[in-house]
Every structure is written in structure tokens, then in C-alpha cells.
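Undergrad: Here you go, this is entry.txt (compact mmCIF, C-alpha atoms).
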```txt
# COMPACT_ATOMS: atom_id res chain seq x y z
CA MET A 18 71.57 -89.87 83.30
CA PRO A 19 71.96 -89.38 87.07
CA ASP A 20 73.62 -92.76 87.61
CA LEU A 21 76.15 -92.04 84.86
CA PRO A 22 77.70 -88.69 85.82
CA PHE A 23 80.13 -87.15 83.38
CA PRO A 24 83.58 -86.50 84.91
CA LYS A 25 84.20 -82.83 85.65
CA THR A 26 87.99 -82.91 85.99
CA LEU A 27 90.85 -84.62 84.18
CA PRO A 28 91.72 -86.90 87.15
CA GLU A 29 88.07 -87.97 87.36
CA PHE A 30 88.02 -88.67 83.63
CA GLN A 31 91.22 -90.72 83.71
CA LYS A 32 89.91 -92.75 86.63
CA ALA A 33 86.53 -93.40 84.99
CA PHE A 34 87.82 -94.33 81.51
CA PRO A 35 91.28 -95.89 81.80
CA ASP A 36 90.89 -98.38 78.94
CA GLU A 37 88.70 -99.86 76.17
CA ALA A 38 86.79 -102.14 78.56
CA ALA A 39 85.76 -99.26 80.85
CA CYS A 40 84.53 -97.23 77.88
CA ALA A 41 82.58 -100.21 76.53
CA ALA A 42 80.93 -100.80 79.91
CA TYR A 43 79.88 -97.15 80.06
CA LEU A 44 78.40 -97.31 76.55
CA GLU A 45 76.44 -100.45 77.44
CA ARG A 46 74.90 -98.84 80.53
CA LEU A 47 74.15 -95.69 78.56
CA ARG A 48 72.39 -97.48 75.70
CA TRP A 49 70.52 -100.06 77.78
CA PRO A 50 69.99 -98.63 81.29
CA ALA A 51 67.22 -101.16 82.06
CA GLY A 52 69.21 -104.16 80.90
CA PHE A 53 70.50 -105.30 77.52
CA VAL A 54 67.78 -106.08 74.97
CA PHE A 55 68.88 -108.34 72.12
CA PRO A 56 67.80 -106.71 68.84
CA ARG A 57 67.07 -109.99 67.03
CA CYS A 58 65.05 -111.91 69.63
CA SER A 59 64.05 -109.03 71.99
CA VAL A 60 65.12 -111.06 75.02
CA ILE A 61 66.39 -109.09 78.02
CA GLY A 62 69.36 -110.69 79.67
CA ASN A 63 73.05 -110.78 80.42
CA PRO A 64 75.05 -111.20 77.20
CA TYR A 65 78.34 -112.95 76.57
CA ARG A 66 81.18 -110.44 76.72
CA PHE A 67 84.53 -110.97 75.01
CA THR A 68 87.81 -109.93 76.60
CA ASP A 69 89.47 -109.19 73.26
CA ARG A 70 86.35 -107.68 71.62
CA SER A 71 84.80 -105.41 74.22
CA ARG A 72 82.50 -103.69 71.69
CA VAL A 73 80.70 -106.93 70.83
CA LEU A 74 77.90 -108.49 72.89
CA ARG A 75 76.51 -111.97 72.09
CA CYS A 76 72.98 -113.05 72.94
CA ARG A 77 72.80 -116.19 75.09
CA ASN A 78 69.44 -117.02 73.54
CA CYS A 79 69.91 -116.64 69.77
CA LEU A 80 73.74 -116.37 69.77
CA ALA A 81 73.60 -113.25 67.59
CA ASP A 82 76.29 -110.61 67.96
CA THR A 83 75.50 -106.95 68.55
CA SER A 84 77.91 -104.04 68.34
CA LEU A 85 77.87 -101.45 71.11
CA THR A 86 78.54 -98.73 68.57
CA ALA A 87 75.91 -99.74 65.98
CA GLY A 88 73.62 -96.87 65.06
CA THR A 89 75.87 -94.25 66.69
CA ILE A 90 78.50 -91.85 65.38
CA LEU A 91 81.05 -94.47 66.47
CA GLN A 92 79.68 -97.15 64.13
CA ASP A 93 82.38 -99.01 62.15
CA THR A 94 85.10 -96.85 63.67
CA ARG A 95 88.58 -98.29 63.91
CA THR A 96 89.65 -95.68 66.42
CA ALA A 97 89.97 -96.84 70.03
CA LEU A 98 87.06 -95.98 72.32
CA PRO A 99 89.27 -94.10 74.82
CA VAL A 100 90.28 -91.75 71.99
CA TRP A 101 86.60 -91.10 71.21
CA PHE A 102 85.87 -90.49 74.89
CA TRP A 103 88.80 -88.11 75.23
CA ALA A 104 87.62 -86.38 72.08
CA ALA A 105 84.11 -85.91 73.49
CA TYR A 106 85.57 -84.56 76.73
CA LEU A 107 87.72 -82.02 74.89
CA VAL A 108 84.90 -80.85 72.62
CA THR A 109 82.47 -80.34 75.50
CA SER A 110 84.89 -78.80 77.97
CA TYR A 111 87.32 -76.70 75.90
CA THR A 112 85.49 -73.35 75.73
CA PRO A 113 87.46 -71.48 73.01
CA GLY A 114 87.04 -74.34 70.57
CA LEU A 115 89.65 -76.66 69.12
CA SER A 116 90.92 -76.73 65.55
CA ALA A 117 91.32 -80.10 63.86
CA VAL A 118 95.11 -79.69 64.01
CA GLN A 119 95.03 -79.04 67.77
CA PHE A 120 92.64 -81.95 68.14
CA GLN A 121 95.02 -84.23 66.26
CA ARG A 122 97.97 -83.24 68.44
CA GLN A 123 96.12 -83.48 71.74
CA LEU A 124 94.86 -87.00 71.00
CA GLY A 125 97.95 -88.29 69.23
CA ILE A 126 96.00 -89.20 66.09
CA LYS A 127 98.31 -90.01 63.17
CA ARG A 128 96.12 -88.81 60.30
CA TYR A 129 94.66 -85.30 60.10
CA GLU A 130 91.65 -86.65 58.18
CA THR A 131 90.76 -88.98 61.05
CA ALA A 132 90.93 -86.14 63.58
CA PHE A 133 88.79 -83.91 61.36
CA GLN A 134 86.12 -86.61 60.89
CA ILE A 135 85.90 -87.34 64.63
CA LEU A 136 85.66 -83.63 65.43
CA HIS A 137 82.98 -83.09 62.76
CA LYS A 138 80.89 -86.06 63.92
CA LEU A 139 80.97 -84.95 67.54
CA ARG A 140 79.96 -81.38 66.69
CA ALA A 141 77.14 -82.59 64.44
CA ALA A 142 75.86 -84.86 67.23
CA MET A 143 75.75 -81.91 69.65
CA VAL A 144 73.20 -80.01 67.54
CA ARG A 145 69.62 -80.29 68.79
CA PRO A 146 67.33 -80.99 65.77
CA GLU A 147 64.35 -79.36 67.52
CA ARG A 148 66.22 -76.18 68.40
CA GLU A 149 64.13 -73.02 68.43
CA ARG A 150 64.74 -69.81 66.49
CA ILE A 151 66.88 -67.14 68.14
CA GLY A 152 66.25 -63.46 68.76
CA SER A 153 64.07 -63.40 71.87
CA ASN A 154 66.93 -61.76 73.82
CA GLY A 155 68.83 -58.84 72.33
CA HIS A 156 69.33 -58.08 68.65
CA VAL A 157 70.73 -60.49 66.05
CA GLU A 158 73.72 -59.91 63.78
CA VAL A 159 73.50 -61.59 60.37
CA ASP A 160 76.22 -62.00 57.76
CA GLU A 161 77.67 -64.53 55.36
CA THR A 162 81.16 -65.63 54.33
CA PHE A 163 82.93 -68.11 52.08
CA VAL A 164 84.63 -71.01 53.86
CA GLY A 165 87.22 -73.21 52.24
CA GLY A 166 90.70 -73.27 50.87
CA ARG A 167 93.15 -75.13 48.70
CA THR A 168 92.46 -78.85 48.47
CA ARG A 169 95.05 -81.60 48.73
CA GLY A 170 95.99 -83.55 45.63
CA GLU A 171 93.87 -81.54 43.16
CA GLY A 172 96.40 -79.15 41.77
CA ARG A 173 97.66 -75.72 42.65
CA GLY A 174 94.99 -73.05 43.05
CA VAL A 175 92.05 -75.49 43.24
CA THR A 176 89.56 -74.57 45.94
CA HIS A 177 86.20 -75.81 47.12
CA LYS A 178 84.71 -72.81 48.91
CA VAL A 179 81.20 -72.91 50.31
CA LEU A 180 79.03 -70.03 51.43
CA VAL A 181 78.05 -70.06 55.10
CA ALA A 182 75.49 -67.74 56.69
CA ALA A 183 75.49 -66.92 60.41
CA ALA A 184 73.03 -65.35 62.82
CA VAL A 185 74.31 -64.44 66.29
CA GLU A 186 72.22 -63.25 69.21
CA VAL A 187 73.89 -60.23 70.87
CA ARG A 188 73.18 -59.82 74.57
CA VAL A 189 74.06 -56.99 76.94
CA LEU A 190 75.67 -57.58 80.32
CA ALA A 191 73.12 -57.15 83.10
CA LYS A 192 75.64 -56.22 85.80
CA PRO A 193 77.99 -53.20 85.71
CA TYR A 194 81.09 -53.94 83.65
CA ARG A 195 84.68 -53.11 84.45
CA LYS A 196 86.60 -50.51 82.47
CA GLY A 197 87.70 -51.98 79.18
CA GLU A 198 85.35 -54.97 79.43
CA ARG A 199 82.85 -55.69 76.66
CA LYS A 200 79.35 -54.38 77.28
CA SER A 201 77.85 -57.15 75.18
CA TYR A 202 78.48 -60.82 74.46
CA ALA A 203 77.39 -63.47 71.96
CA GLY A 204 74.36 -65.54 72.85
CA ARG A 205 72.86 -68.31 70.75
CA LEU A 206 74.17 -68.99 67.26
CA ARG A 207 72.83 -70.43 64.01
CA LEU A 208 75.08 -71.45 61.12
CA ALA A 209 74.01 -72.91 57.78
CA ARG A 210 75.38 -73.50 54.33
CA VAL A 211 73.56 -71.39 51.72
CA SER A 212 73.59 -71.77 47.95
CA ASP A 213 74.32 -68.14 47.10
CA ARG A 214 74.09 -64.53 48.33
CA GLY A 215 70.77 -63.86 46.66
CA LYS A 216 67.64 -62.76 48.50
CA PRO A 217 65.79 -66.13 48.35
CA ALA A 218 68.67 -68.05 49.95
CA LEU A 219 69.49 -65.46 52.63
CA GLU A 220 65.84 -64.79 53.48
CA ALA A 221 65.19 -68.52 53.84
CA PHE A 222 68.11 -68.75 56.27
CA VAL A 223 66.88 -65.78 58.32
CA LYS A 224 63.31 -67.07 58.50
CA ALA A 225 64.52 -70.49 59.64
CA SER A 226 66.93 -69.07 62.21
CA VAL A 227 65.47 -65.85 63.69
CA GLU A 228 62.15 -65.19 65.42
CA PRO A 229 59.85 -62.74 63.60
CA GLY A 230 59.76 -59.34 65.27
CA SER A 231 63.43 -59.53 66.23
CA THR A 232 65.86 -56.73 65.46
CA ILE A 233 68.38 -57.81 62.82
CA VAL A 234 71.61 -55.93 62.18
CA SER A 235 73.40 -56.47 58.87
CA ASP A 236 75.72 -54.73 56.45
CA GLY A 237 74.28 -53.01 53.38
CA TRP A 238 74.18 -56.12 51.18
CA GLN A 239 71.01 -56.15 49.05
CA GLY A 240 70.25 -59.75 49.94
CA TYR A 241 68.82 -58.46 53.24
CA ASP A 242 66.77 -55.59 51.79
CA ASN A 243 63.37 -57.24 52.30
CA LEU A 244 63.74 -58.26 55.95
CA THR A 245 61.42 -55.48 57.13
CA THR A 246 58.61 -56.78 54.90
CA LEU A 247 59.17 -60.25 56.40
CA GLY A 248 58.34 -58.95 59.88
CA TYR A 249 61.77 -58.04 61.25
CA GLU A 250 63.17 -54.77 62.60
CA HIS A 251 66.08 -54.31 60.20
CA GLN A 252 69.09 -52.08 60.78
CA SER A 253 71.62 -52.02 57.94
CA THR A 254 74.86 -50.10 57.55
CA VAL A 255 76.66 -49.69 54.24
CA THR A 256 80.29 -50.60 54.89
CA SER A 257 81.57 -50.50 51.27
CA GLY A 258 84.02 -53.33 51.93
CA ASP A 259 85.73 -51.48 54.79
CA TYR A 260 86.78 -54.29 57.15
CA GLU A 261 87.21 -52.04 60.17
CA LYS A 262 83.77 -50.55 59.68
CA THR A 263 82.24 -53.98 59.14
CA ASP A 264 83.87 -55.30 62.32
CA ALA A 265 82.46 -52.34 64.23
CA VAL A 266 78.94 -52.97 62.91
CA LEU A 267 79.02 -56.79 63.19
CA PRO A 268 81.59 -57.65 65.88
CA MET A 269 79.95 -60.83 67.17
CA VAL A 270 79.24 -62.51 63.85
CA HIS A 271 82.79 -61.77 62.68
CA LEU A 272 84.11 -63.30 65.90
CA VAL A 273 82.06 -66.39 65.06
CA PHE A 274 83.58 -66.54 61.58
CA SER A 275 87.06 -66.23 63.09
CA ASN A 276 86.37 -69.11 65.47
CA LEU A 277 84.90 -71.15 62.63
CA LYS A 278 88.16 -70.76 60.77
CA ALA A 279 90.07 -72.06 63.78
CA TRP A 280 87.68 -74.99 64.29
CA LEU A 281 88.05 -76.07 60.68
CA GLY A 282 91.77 -76.33 61.15
CA GLY A 283 93.06 -73.25 59.39
CA THR A 284 90.97 -73.36 56.20
CA HIS A 285 90.91 -70.06 54.34
CA MET A 286 87.99 -67.66 54.48
CA ALA A 287 87.18 -64.75 52.21
```
In C-alpha cells, how does this file's structure come out?
TA:
Amino acid sequence: MPDLPFPKTLPEFQKAFPDEAACAAYLERLRWPAGFVFPRCSVIGNPYRFTDRSRVLRCRNCLADTSLTAGTILQDTRTALPVWFWAAYLVTSYTPGLSAVQFQRQLGIKRYETAFQILHKLRAAMVRPERERIGSNGHVEVDETFVGGRTRGEGRGVTHKVLVAAAVEVRVLAKPYRKGERKSYAGRLRLARVSDRGKPALEAFVKASVEPGSTIVSDGWQGYDNLTTLGYEHQSTVTSGDYEKTDAVLPMVHLVFSNLKAWLGGTHMA
């Protein structure tokens, strides 16, 4: 919204959101730019505001209370609004990506689980549900990996690994590159949990993520054998479990998996 610019620097952010009240006022203007509408009676007007409960607005007509965070990822949260705002700022401005542990330290959150949940909710909210399939620019690298690690409180050696598939658009630099600089870079990305490494699951992921007619690069796993019949230009290389060879064939998707490991706070990947 043009009348609610997002701060571009840390001093601007600190000035705009110094406390709970400032964050609540911003949320109110963001949710009801044309004036507060009371959900129960649909009356537009100026609500009662409470000094000690800045998230609550009370209708002057029906005297019903409404929460500023109802229906949002902040609903029922016990975490202070400034922490949520700082969290959103870090997630949207920290390019390399933050792990949950880094997130916890930066925000001074006591419990790791709280930091992880906030980070997960913010990332989920940033995904556009109507996003288009990738592949219109450059070729697409496709691969899958197991994500997970030892769980807490469930005994030694217990793991809950899930299989995650990734498709990464690989783009080539348009301008001349300096010596030693990468010729290509990662474009758009699609990640999804898949049930197994069989053809039905992997093909369903590819069809949902990549535009038909695109060039797809994969390793020699048989789960991708039918991509040509599905309308894709398929280039596969048998790597026989050689990590160096796999990294050479699929550098961008493996970089994505490495970043995913960091974002999940050091969970193990295989």
C-alpha cells in the first residue's frame, strides 16, 4: 500500500515500529484502510482502543471485541508484535536466508520451537497460491532429497525424514562476466514434499511445477525416465552416486538443498 511504505533501513524500521502500540496501529491501517468495519454489526467507525491491550478493538455500537490478529498468521500468538515485525523484516531482507537457530538468536526468543514456528509461518505466508509454472527462461534442474534428522525426546536414532523434490530455473548472465564469476544463476524455484521416488510422484511434481516444452536436467534416476513423453526436453546424466559428478550436473538444485538445510536450522539431509 502506497500510504504504508515498508522501511528500507534498520533506522527507519526502529523509528516506525518502536513498540507494541505502533505495530498495532500499523496492522489496523493495513487491514482496514478505509476505516474499521466491525465484523458483528458491519458498522464503520472509530473503535475503543485499550492502552494495555493494543491488539483488541471494541465496537462502540455493539460493544463486541475484535482482535487485530484474528484470521492472520499472528492469531492467538503470545509473542510480542515487535518481535513478529522484526521477524518479517529479517525474512524479507536477509538475502542468504536465516536458519531457525540464527533467527532465535537475532530476536532473543527463548524457545527454539517458537522461533521455528514463526519462521515457518512467515515463509508459508510469502508463497503466492496462484504462482505460475517455471521454465520459460533457461533450463530447469530437478532432483529430490530426504530432509529430516533425529527428533527430540523420542529415543536415540529415531528420525522423521521426508522426501522433498525441487525444480530450479537456471538462467545465464546476459552481460559479460568477470573471470571466476558464475556464468549462470538460480532463477525461480519450486519445492514440494513428495510421497516417494517413484515415477507417479515425481512426474506429478514436475507437471505441477514446470511448463511443458521446457528443458529439464536431472540425474539418471528412473523416476524421470518418462519426462520426454510428457512433453519436456529431458537431459539426464548417470552419476552413479558420485557427489562431485552430481554437483557438476545439478549445481543449482544442490545449492537450494544446502540452503534448505540451513533454513531448517541444521536438520540432517541425505
Undergrad: The residues within 8 Å of (63.4, -61.1, 54.9), using all atoms listed in the file and the coordinates of the file, should be reported as a PyMOL selection string; which are they?
TA: chain A and resi 216+219-221+223-224+241-249
Undergrad: Choose the residue, out of A:Ser84, A:Gln92, A:Phe30, A:Val60, that has the smallest atom-to-atom separation from Ala104 of chain A; count only C-alpha atoms.
TA: A:Phe30
Undergrad: Take atom CA of Gln252 of chain A and atom CA of Ser235 of chain A and report the distance between them in Å, one decimal.
TA: 6.4 Å
Undergrad: With only C-alpha atoms as the basis for distance, which of A:Leu190, A:His177, A:Phe163, A:Gly237 is at the shortest distance from Phe274 of chain A?
TA: A:Phe163
Undergrad: Could you give me, as a short mmCIF file (atom, residue, chain, number, x, y, z; two decimals) with C-alpha atoms, in the frame of the given file, the residues within 8 Å of Ser201 of chain A, counting only C-alpha atoms and dropping anything in the same chain fewer than 2 positions from it?
TA:
```cif
data_model
loop_
_atom_site.label_atom_id
_atom_site.label_comp_id
_atom_site.auth_asym_id
_atom_site.auth_seq_id
_atom_site.Cartn_x
_atom_site.Cartn_y
_atom_site.Cartn_z
CA VAL A 187 73.89 -60.23 70.87
CA ARG A 188 73.18 -59.82 74.57
CA VAL A 189 74.06 -56.99 76.94
CA LEU A 190 75.67 -57.58 80.32
CA ARG A 199 82.85 -55.69 76.66
CA ALA A 203 77.39 -63.47 71.96
#
```
Undergrad: Give me the residues near segment 93-96 of chain A as a ChimeraX atom specification, where near means some atom within 12 Å (using all atoms listed in the file) and where sequence neighbours in that chain fewer than 4 positions away do not count.
TA: /A:37,72-73,84-89,100-104,124-128,131-132,134-135,138
Undergrad: Which residue gives the smallest distance to Thr109 of chain A among A:Gln123, A:Val211, A:Glu158, A:Lys25, with only C-alpha atoms counted?
TA: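 Looking only at the distances to Thr109 of chain A, the closest residue turns out to be A:Lys25.
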Undergrad: Which residue, A:Ala225, A:Met143, A:Lys262, A:Ser110, has the smallest gap to Pro24 of chain A when you use all atoms listed in the file?
TA: A:Ser110
Undergrad: Check the smallest atom-to-atom distance from each of A:Thr254, A:Thr263, A:Ser116, A:Ser212 to Ala279 of chain A using all atoms listed in the file, then report the winner.
TA: A:Ser116
Undergrad: Record the distance separating atom CA of Ser226 of chain A and atom CA of Arg150 of chain A, expressed in Å with one decimal.
TA: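 So the two atoms, atom CA of Ser226 of chain A and atom CA of Arg150 of chain A, lie 4.9 Å apart.
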Undergrad: What does the structure give for the distance between atom CA of Ala117 of chain A and atom CA of Lys278 of chain A, in Å to one decimal?
TA: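 These atoms are spaced 10.3 Å apart.
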Undergrad: List as a list in words the protein and nucleic acid residues near Val234 of chain A, meaning an atom at most 9 Å away when only C-alpha atoms are counted, but skip any in the same chain fewer than 5 places from it.
TA: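 Neighbouring residues, sequence-local ones excluded: His156, Val157, Glu158, Val159, Asp160, Glu250, His251, Gln252, Ser253, Thr254, Val266 and Leu267 of chain A.
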Undergrad: Calculated over only C-alpha atoms, which of the candidates A:Asn63, A:Ser71, A:Ser275, A:Gln31 has the smallest distance to Ala97 of chain A?
TA: A:Ser71
Undergrad: Write out as a list of chain:residue names each polymer residue whose atoms come within 8 Å of Leu139 of chain A, counting only C-alpha atoms; drop sequence neighbours fewer than 2 positions from it.
TA: A:Ile90, A:Ala105, A:Val108, A:Ile135, A:Leu136, A:His137, A:Ala141, A:Ala142, A:Met143
